[in-house]
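K.L.:
Sharing a structure below in C-alpha coordinates format, with a few things to ask.
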Amino acid sequence: MSQLSSWPSMFAAPRTAGVLLLVTATTHFSQLWILPVSHTVIASATFAIPYAAVGGALIARPTRAAAVLAITATSIGGTSGVIRFFVVQRNGFSVFHPLLDIVIIALLVSWLVAAERSR
(Lines give C-alpha, C1' and ligand atoms only; values in the text may rest on other atoms or scores of the structure.)
Protein backbone atom coordinates (compact mmCIF):
# COMPACT_ATOMS: atom_id res chain seq x y z
CA MET A 1 0.00 0.00 0.00
CA SER A 2 1.41 3.40 -0.93
CA GLN A 3 1.90 6.12 1.64
CA LEU A 4 -0.49 8.40 -0.24
CA SER A 5 -3.41 5.99 0.01
CA SER A 6 -2.99 5.72 3.79
CA TRP A 7 -2.72 9.49 4.31
CA PRO A 8 -6.33 10.24 5.41
CA SER A 9 -6.47 7.43 7.96
CA MET A 10 -2.98 8.27 9.21
CA PHE A 11 -4.31 11.49 10.75
CA ALA A 12 -7.79 10.30 11.77
CA ALA A 13 -6.85 9.50 15.38
CA PRO A 14 -5.16 12.81 16.28
CA ARG A 15 -7.82 14.86 14.50
CA THR A 16 -10.57 12.92 16.29
CA ALA A 17 -8.73 13.56 19.56
CA GLY A 18 -8.53 17.25 18.59
CA VAL A 19 -12.29 17.43 18.06
CA LEU A 20 -12.87 15.69 21.41
CA LEU A 21 -10.52 18.20 23.07
CA LEU A 22 -12.60 21.05 21.64
CA VAL A 23 -15.75 19.37 22.95
CA THR A 24 -14.26 18.98 26.42
CA ALA A 25 -12.94 22.56 26.32
CA THR A 26 -16.48 23.76 25.65
CA THR A 27 -17.97 21.68 28.46
CA HIS A 28 -15.22 22.73 30.88
CA PHE A 29 -15.97 26.38 30.15
CA SER A 30 -19.75 25.86 30.36
CA GLN A 31 -19.44 24.83 34.00
CA LEU A 32 -19.21 28.52 34.90
CA TRP A 33 -22.88 28.90 33.87
CA ILE A 34 -24.22 25.51 34.92
CA LEU A 35 -22.70 24.92 38.37
CA PRO A 36 -22.54 27.26 41.35
CA VAL A 37 -19.30 29.20 40.98
CA SER A 38 -16.57 28.01 43.32
CA HIS A 39 -12.79 27.70 43.26
CA THR A 40 -13.01 24.17 41.87
CA VAL A 41 -15.41 25.20 39.11
CA ILE A 42 -13.12 28.08 38.11
CA ALA A 43 -10.08 25.79 38.19
CA SER A 44 -11.86 23.24 36.04
CA ALA A 45 -13.01 25.92 33.59
CA THR A 46 -9.41 27.07 33.12
CA PHE A 47 -8.60 23.67 31.60
CA ALA A 48 -10.63 24.85 28.59
CA ILE A 49 -7.72 27.05 27.53
CA PRO A 50 -5.01 24.39 27.00
CA TYR A 51 -7.57 21.86 25.78
CA ALA A 52 -8.80 24.25 23.06
CA ALA A 53 -5.28 25.25 22.04
CA VAL A 54 -3.94 21.71 21.77
CA GLY A 55 -7.18 20.44 20.20
CA GLY A 56 -6.95 23.10 17.51
CA ALA A 57 -3.32 22.22 16.89
CA LEU A 58 -4.14 18.52 16.49
CA ILE A 59 -6.86 19.33 13.98
CA ALA A 60 -4.80 21.83 11.99
CA ARG A 61 -1.50 19.94 11.93
CA PRO A 62 -1.14 16.74 13.95
CA THR A 63 2.37 16.53 15.40
CA ARG A 64 4.10 14.40 17.97
CA ALA A 65 4.60 17.47 20.20
CA ALA A 66 0.90 18.35 20.14
CA ALA A 67 0.00 14.73 20.91
CA VAL A 68 2.38 14.62 23.88
CA LEU A 69 1.00 17.94 25.18
CA ALA A 70 -2.56 16.63 24.83
CA ILE A 71 -1.68 13.38 26.62
CA THR A 72 -0.04 15.34 29.44
CA ALA A 73 -2.89 17.85 29.78
CA THR A 74 -5.61 15.20 29.75
CA SER A 75 -3.70 13.04 32.22
CA ILE A 76 -3.51 15.97 34.64
CA GLY A 77 -7.10 17.02 33.96
CA GLY A 78 -8.48 13.49 34.26
CA THR A 79 -6.66 12.87 37.53
CA SER A 80 -7.89 16.21 38.88
CA GLY A 81 -11.44 15.39 37.81
CA VAL A 82 -11.41 12.06 39.64
CA ILE A 83 -10.03 13.71 42.79
CA ARG A 84 -12.65 16.45 42.48
CA PHE A 85 -15.40 13.85 42.19
CA PHE A 86 -14.36 11.87 45.27
CA VAL A 87 -13.15 14.70 47.50
CA VAL A 88 -14.75 18.02 46.59
CA GLN A 89 -17.80 18.03 44.34
CA ARG A 90 -19.77 15.20 42.76
CA ASN A 91 -21.32 16.14 39.46
CA GLY A 92 -21.75 14.77 35.96
CA PHE A 93 -18.84 16.78 34.59
CA SER A 94 -16.48 15.01 36.99
CA VAL A 95 -17.53 11.70 35.45
CA PHE A 96 -17.78 12.74 31.79
CA HIS A 97 -14.45 14.58 31.57
CA PRO A 98 -12.17 11.80 32.90
CA LEU A 99 -13.91 9.28 30.63
CA LEU A 100 -13.35 11.56 27.65
CA ASP A 101 -9.73 12.04 28.74
CA ILE A 102 -9.21 8.27 28.65
CA VAL A 103 -10.53 8.11 25.08
CA ILE A 104 -8.31 11.01 23.99
CA ILE A 105 -5.23 9.45 25.59
CA ALA A 106 -5.95 6.06 23.99
CA LEU A 107 -6.36 7.62 20.53
CA LEU A 108 -3.13 9.59 20.78
CA VAL A 109 -1.00 6.84 22.32
CA SER A 110 -2.16 4.39 19.65
CA TRP A 111 -1.35 6.97 16.96
CA LEU A 112 2.13 7.60 18.39
CA VAL A 113 2.84 3.87 18.66
CA ALA A 114 1.66 3.25 15.08
CA ALA A 115 3.78 6.16 13.82
CA GLU A 116 6.81 4.80 15.65
CA ARG A 117 6.29 1.30 14.25
CA SER A 118 5.99 2.60 10.69
CA ARG A 119 9.43 4.25 10.84
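Residues in the C-alpha coordinates are numbered from 1 in each chain, the chains being A, B, ... in the order shown, and ligands are numbered from 1 in the order shown.
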So which residues touch Pro36 (chain A) within 12 Å, counting only C-alpha atoms, skipping near sequence neighbours fewer than 6 positions away, as a PyMOL selection string?

P.N.:
chain A and resi 30+42+89+91

K.L.:
Pick out the residues sitting within 8 Å of Ile59 (chain A), and hand them over as a PyMOL selection string; count only C-alpha atoms, and ignore anything fewer than 3 positions along from it in its own chain.

P.N.:
chain A and resi 14-16+18-19+55-56+62

K.L.:
Output N, CA and C atoms for every residue in that selection, as an mmCIF file, in the first residue's frame.

P.N.:
```cif
data_model
loop_
_atom_site.group_PDB
_atom_site.id
_atom_site.type_symbol
_atom_site.label_atom_id
_atom_site.label_comp_id
_atom_site.auth_asym_id
_atom_site.auth_seq_id
_atom_site.Cartn_x
_atom_site.Cartn_y
_atom_site.Cartn_z
ATOM 1 N N PRO A 14 -5.437 11.529 15.608
ATOM 2 C CA PRO A 14 -5.157 12.805 16.281
ATOM 3 C C PRO A 14 -6.198 13.879 15.988
ATOM 4 N N ARG A 15 -6.782 13.856 14.802
ATOM 5 C CA ARG A 15 -7.816 14.859 14.502
ATOM 6 C C ARG A 15 -9.095 14.560 15.283
ATOM 7 N N THR A 16 -9.427 13.292 15.453
ATOM 8 C CA THR A 16 -10.568 12.922 16.292
ATOM 9 C C THR A 16 -10.310 13.357 17.733
ATOM 10 N N GLY A 18 -8.427 15.785 18.603
ATOM 11 C CA GLY A 18 -8.529 17.247 18.592
ATOM 12 C C GLY A 18 -9.961 17.725 18.709
ATOM 13 N N VAL A 19 -10.864 17.076 17.973
ATOM 14 C CA VAL A 19 -12.288 17.430 18.063
ATOM 15 C C VAL A 19 -12.811 17.154 19.473
ATOM 16 N N GLY A 55 -6.200 21.046 21.095
ATOM 17 C CA GLY A 55 -7.183 20.442 20.198
ATOM 18 C C GLY A 55 -7.134 21.081 18.822
ATOM 19 N N GLY A 56 -7.070 22.395 18.791
ATOM 20 C CA GLY A 56 -6.954 23.103 17.515
ATOM 21 C C GLY A 56 -5.680 22.736 16.774
ATOM 22 N N PRO A 62 -1.500 17.729 12.926
ATOM 23 C CA PRO A 62 -1.139 16.744 13.950
ATOM 24 C C PRO A 62 0.375 16.534 14.010
#
```

K.L.:
Let me make sure I understand: among A:Ala115, A:Val103, A:Val109, A:Leu20, which one has the smallest atom-to-atom distance to Leu58 (chain A) if we use only C-alpha atoms?

P.N.:
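Closest to Leu58 (chain A) of all the choices is A:Leu20.
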
K.L.:
Can you pull out every residue within 9 Å of Ser75 (chain A), counting only C-alpha atoms, but drop anything in the same chain fewer than 3 positions away, and send it as a ChimeraX atom specification?

P.N.:
/A:70-72,78-80,98,101-102,105

K.L.:
Check the DSSP output for the backbone and give back, as number ranges by chain, the residues of chain A in alpha helix (DSSP H).

P.N.:
A: 7-10, 12-34, 39-46, 48-60, 64-83, 93-117

K.L.:
If you measure from CA of Ala66 (chain A) to CA of His97 (chain A), what distance in Å do you get, rounded to one decimal?

P.N.:
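These two atoms are separated by 19.5 Å.
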
K.L.:
Would you mind listing what lies within 12 Å of Ala114 (chain A) as a PyMOL selection string, with only C-alpha atoms counted and same-chain residues fewer than 5 positions away left out?

P.N.:
chain A and resi 9-11+13-14+64+107-109+119

K.L.:
Restricting the calculation to only C-alpha atoms, which member of A:Ala48, A:Ala67, A:Ala53, A:Val88 is positioned closest to Ile104 (chain A)?

P.N.:
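Using only C-alpha atoms, Ile104 (chain A) sits closest to A:Ala67.
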